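Novice: Structure supplied as final26.cif; contents: mmCIF, C-alpha atoms.
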```
data_target
#
loop_
_atom_site.group_PDB
_atom_site.id
_atom_site.type_symbol
_atom_site.label_atom_id
_atom_site.label_comp_id
_atom_site.auth_asym_id
_atom_site.auth_seq_id
_atom_site.Cartn_x
_atom_site.Cartn_y
_atom_site.Cartn_z
ATOM 1 C CA MET A 15 2.043 -1.956 21.548
ATOM 2 C CA ALA A 16 2.360 0.077 18.352
ATOM 3 C CA GLU A 17 -0.599 1.877 16.884
ATOM 4 C CA ASN A 18 -0.813 2.853 13.251
ATOM 5 C CA ASN A 19 -3.389 5.392 12.165
ATOM 6 C CA PHE A 20 -3.873 5.633 8.436
ATOM 7 C CA ALA A 21 -4.919 8.755 6.606
ATOM 8 C CA GLU A 22 -8.276 8.787 4.855
ATOM 9 C CA GLU A 23 -6.640 8.525 1.433
ATOM 10 C CA GLU A 24 -5.026 5.145 2.204
ATOM 11 C CA MET A 25 -6.281 2.445 -0.127
ATOM 12 C CA THR A 26 -7.960 -0.468 1.626
ATOM 13 C CA VAL A 27 -9.385 -3.811 0.541
ATOM 14 C CA ASP A 28 -11.680 -6.297 2.259
ATOM 15 C CA ILE A 29 -10.327 -9.842 2.436
ATOM 16 C CA GLU A 30 -12.573 -12.813 3.165
ATOM 17 C CA LEU A 31 -10.725 -15.423 5.191
ATOM 18 C CA GLU A 32 -11.276 -19.174 4.901
ATOM 19 C CA ASP A 33 -13.588 -19.097 7.943
ATOM 20 C CA GLY A 34 -15.818 -16.515 6.222
ATOM 21 C CA LYS A 35 -14.643 -13.629 8.423
ATOM 22 C CA LYS A 36 -13.964 -10.376 6.542
ATOM 23 C CA VAL A 37 -10.935 -8.267 7.390
ATOM 24 C CA ASN A 38 -10.303 -4.734 6.154
ATOM 25 C CA CYS A 39 -6.662 -4.265 5.155
ATOM 26 C CA ALA A 40 -4.585 -1.250 4.192
ATOM 27 C CA VAL A 41 -2.621 -1.708 0.975
ATOM 28 C CA ILE A 42 1.038 -1.075 1.795
ATOM 29 C CA THR A 43 2.555 -1.679 -1.628
ATOM 30 C CA ILE A 44 2.639 -3.908 -4.671
ATOM 31 C CA LEU A 45 5.992 -5.583 -5.294
ATOM 32 C CA THR A 46 7.321 -7.367 -8.357
ATOM 33 C CA VAL A 47 9.468 -10.383 -7.512
ATOM 34 C CA ASN A 48 10.747 -12.798 -10.167
ATOM 35 C CA LYS A 49 8.418 -11.219 -12.747
ATOM 36 C CA LYS A 50 5.297 -11.805 -10.584
ATOM 37 C CA ASP A 51 3.296 -9.180 -8.700
ATOM 38 C CA TYR A 52 2.559 -9.427 -4.991
ATOM 39 C CA ILE A 53 0.490 -7.218 -2.702
ATOM 40 C CA VAL A 54 1.415 -6.389 0.889
ATOM 41 C CA LEU A 55 -1.568 -5.859 3.173
ATOM 42 C CA LEU A 56 -1.799 -4.590 6.745
ATOM 43 C CA PRO A 57 -4.861 -6.052 8.527
ATOM 44 C CA LEU A 58 -6.851 -3.408 10.410
ATOM 45 C CA ASP A 59 -9.163 -3.778 13.397
ATOM 46 C CA GLU A 60 -12.628 -2.242 13.635
ATOM 47 C CA ASN A 61 -10.992 1.094 14.575
ATOM 48 C CA GLY A 62 -8.841 1.126 11.422
ATOM 49 C CA GLU A 63 -5.687 0.367 13.400
ATOM 50 C CA ASN A 64 -3.105 -2.408 13.466
ATOM 51 C CA GLN A 65 -1.829 -3.364 16.902
ATOM 52 C CA ASP A 66 0.906 -5.887 16.066
ATOM 53 C CA GLY A 67 2.516 -4.739 12.805
ATOM 54 C CA GLU A 68 1.830 -8.086 11.111
ATOM 55 C CA VAL A 69 1.528 -7.868 7.316
ATOM 56 C CA TRP A 70 0.074 -10.363 4.848
ATOM 57 C CA PHE A 71 1.564 -11.222 1.458
ATOM 58 C CA TYR A 72 -0.568 -12.380 -1.477
ATOM 59 C CA GLY A 73 0.078 -12.966 -5.133
ATOM 60 C CA TYR A 74 -1.588 -10.171 -7.105
ATOM 61 C CA LYS A 75 -2.995 -10.458 -10.592
ATOM 62 C CA GLU A 76 -4.853 -7.795 -12.562
ATOM 63 C CA ASP A 77 -6.933 -8.384 -15.684
ATOM 64 C CA GLU A 78 -4.886 -6.378 -18.169
ATOM 65 C CA THR A 79 -7.704 -6.431 -20.724
ATOM 66 C CA ASP A 80 -10.296 -4.900 -18.371
ATOM 67 C CA PRO A 81 -9.213 -2.455 -15.619
ATOM 68 C CA ASN A 82 -12.730 -2.634 -14.097
ATOM 69 C CA VAL A 83 -12.307 -6.276 -13.068
ATOM 70 C CA GLU A 84 -11.323 -6.752 -9.413
ATOM 71 C CA PRO A 85 -7.686 -7.863 -9.049
ATOM 72 C CA GLU A 86 -7.210 -11.468 -7.974
ATOM 73 C CA LEU A 87 -5.352 -12.264 -4.741
ATOM 74 C CA LEU A 88 -3.567 -15.607 -4.641
ATOM 75 C CA TYR A 89 -2.207 -17.531 -1.663
ATOM 76 C CA ILE A 90 1.545 -18.031 -1.667
ATOM 77 C CA GLU A 91 1.989 -21.726 -0.951
ATOM 78 C CA ASP A 92 5.675 -22.134 -1.782
ATOM 79 C CA ASP A 93 8.070 -21.372 1.106
ATOM 80 C CA GLU A 94 10.867 -20.135 -1.175
ATOM 81 C CA GLU A 95 8.470 -17.844 -3.027
ATOM 82 C CA TYR A 96 7.139 -16.474 0.279
ATOM 83 C CA GLU A 97 10.696 -15.889 1.510
ATOM 84 C CA ALA A 98 11.586 -14.003 -1.703
ATOM 85 C CA VAL A 99 8.545 -11.730 -1.253
ATOM 86 C CA SER A 100 9.386 -11.200 2.416
ATOM 87 C CA ASP A 101 12.963 -10.224 1.499
ATOM 88 C CA ALA A 102 11.686 -7.823 -1.187
ATOM 89 C CA PHE A 103 9.356 -6.222 1.379
ATOM 90 C CA ASP A 104 12.246 -5.820 3.847
ATOM 91 C CA GLU A 105 14.202 -4.066 1.081
ATOM 92 C CA PHE A 106 11.161 -1.860 0.348
ATOM 93 C CA LEU A 107 11.017 -0.881 4.052
ATOM 94 C CA ASP A 108 14.747 -0.141 4.105
ATOM 95 C CA ASN A 109 14.332 2.142 1.078
ATOM 96 C CA GLN A 110 11.356 3.893 2.693
ATOM 97 C CA GLU A 111 13.383 4.570 5.860
ATOM 98 C CA PHE A 112 16.295 5.833 3.766
ATOM 99 C CA ASP A 113 13.989 8.185 1.843
ATOM 100 C CA GLU A 114 12.553 9.491 5.129
ATOM 101 C CA LEU A 115 16.067 10.119 6.471
ATOM 102 C CA LEU A 116 16.972 12.095 3.331
ATOM 103 C CA SER A 117 13.832 14.226 3.526
ATOM 104 C CA ASP A 118 14.466 14.891 7.251
ATOM 105 C CA GLU A 119 18.009 16.103 6.513
ATOM 106 C CA LYS A 120 16.752 18.617 3.935
ATOM 107 C CA GLU A 121 14.414 20.306 6.397
#
```
Before anything else, please render the file you have as structure tokens.
Specialist:
Amino acid sequence: MAENNFAEEEMTVDIELEDGKKVNCAVITILTVNKKDYIVLLPLDENGENQDGEVWFYGYKEDETDPNVEPELLYIEDDEEYEAVSDAFDEFLDNQEFDELLSDEKE
């Protein structure tokens, strides 16, 4: 069972699920796929940890005219769209691991 502890400076958001339950999530990244933005969230338990490594993908839309307006999160209902976002996230993770390997070699 993997445990992930996030530093205090990690950005988090509260998501309200369909059943009314609120879940605090760490923001992993925002990806652009096919000219649309998506947010990758890591749901956290009451201790600020994630036990299973599951991430959630949502469409992400900011109000470009007013930066003070909360961004809108949109469900991804299309399977092909979800798959494209999932593939982009896998590529993001591969790049992160590659960057970590490079920084380890320099030390």
Novice: To one decimal place in Å, what is the distance between CA of Val27 (chain A) and CA of Asp92 (chain A)?
Specialist: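 Separation between CA of Val27 (chain A) and CA of Asp92 (chain A): 23.8 Å.
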Novice: Name the closest residue to Tyr72 (chain A) among the candidates A:Glu30, A:Glu60, A:Asp51, A:Asp93; distances are taken between atoms, counting all atoms listed in the file.
Specialist: A:Asp51
Novice: Please enumerate the residues selected by the PyMOL selection byres ((chain A and resi 39) around 12) when evaluated against the supplied file, formatted as number ranges by chain.
Specialist: A: 20, 24-31, 36-38, 40-43, 53-64, 67-71
Novice: For CA of Thr46 (chain A) and CA of Gly73 (chain A), determine how far apart the two atoms are, in Å to one decimal place.
Specialist: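 Between CA of Thr46 (chain A) and CA of Gly73 (chain A) the gap works out to 9.7 Å.
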Novice: For a test of reading the model, state the distance in Å between CA of Leu107 (chain A) and CA of Glu84 (chain A), rounded to one decimal.
Specialist: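 That distance, rounded to one decimal, is 26.7 Å.
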Novice: Tell me which residues the PyMOL selection byres ((chain A and resi 76) around 12) grabs here, as a ChimeraX atom specification.
Specialist: /A:44,50-53,73-75,77-88
Novice: Within 6 Å of (11.8, -11.4, -4.6) (coordinates as in the file), grab all the protein and nucleic acid residues, counting only C-alpha atoms, and write them out as an MDAnalysis selection string.
Specialist: chainID A and resid 47:48 98:99 102
Novice: Once 6 Å is added on each side, what are the centre and the three edge lengths, in Å to one decimal, of the axis-aligned box enclosing the listed atoms of region 101-105 of chain A? Present them as JSON.
Specialist:
```
{"center_x": 11.8, "center_y": -7.1, "center_z": 1.3, "size_x": 16.8, "size_y": 18.2, "size_z": 17.0}
```
Novice: Between A:Gln65, A:Asn109, A:Asp33, A:Lys49, single out the one closest to Glu95 (chain A), counting all atoms listed in the file.
Specialist: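 Checking each of A:Gln65, A:Asn109, A:Asp33, A:Lys49 against Glu95 (chain A), counting all atoms listed in the file, the winner is A:Lys49.
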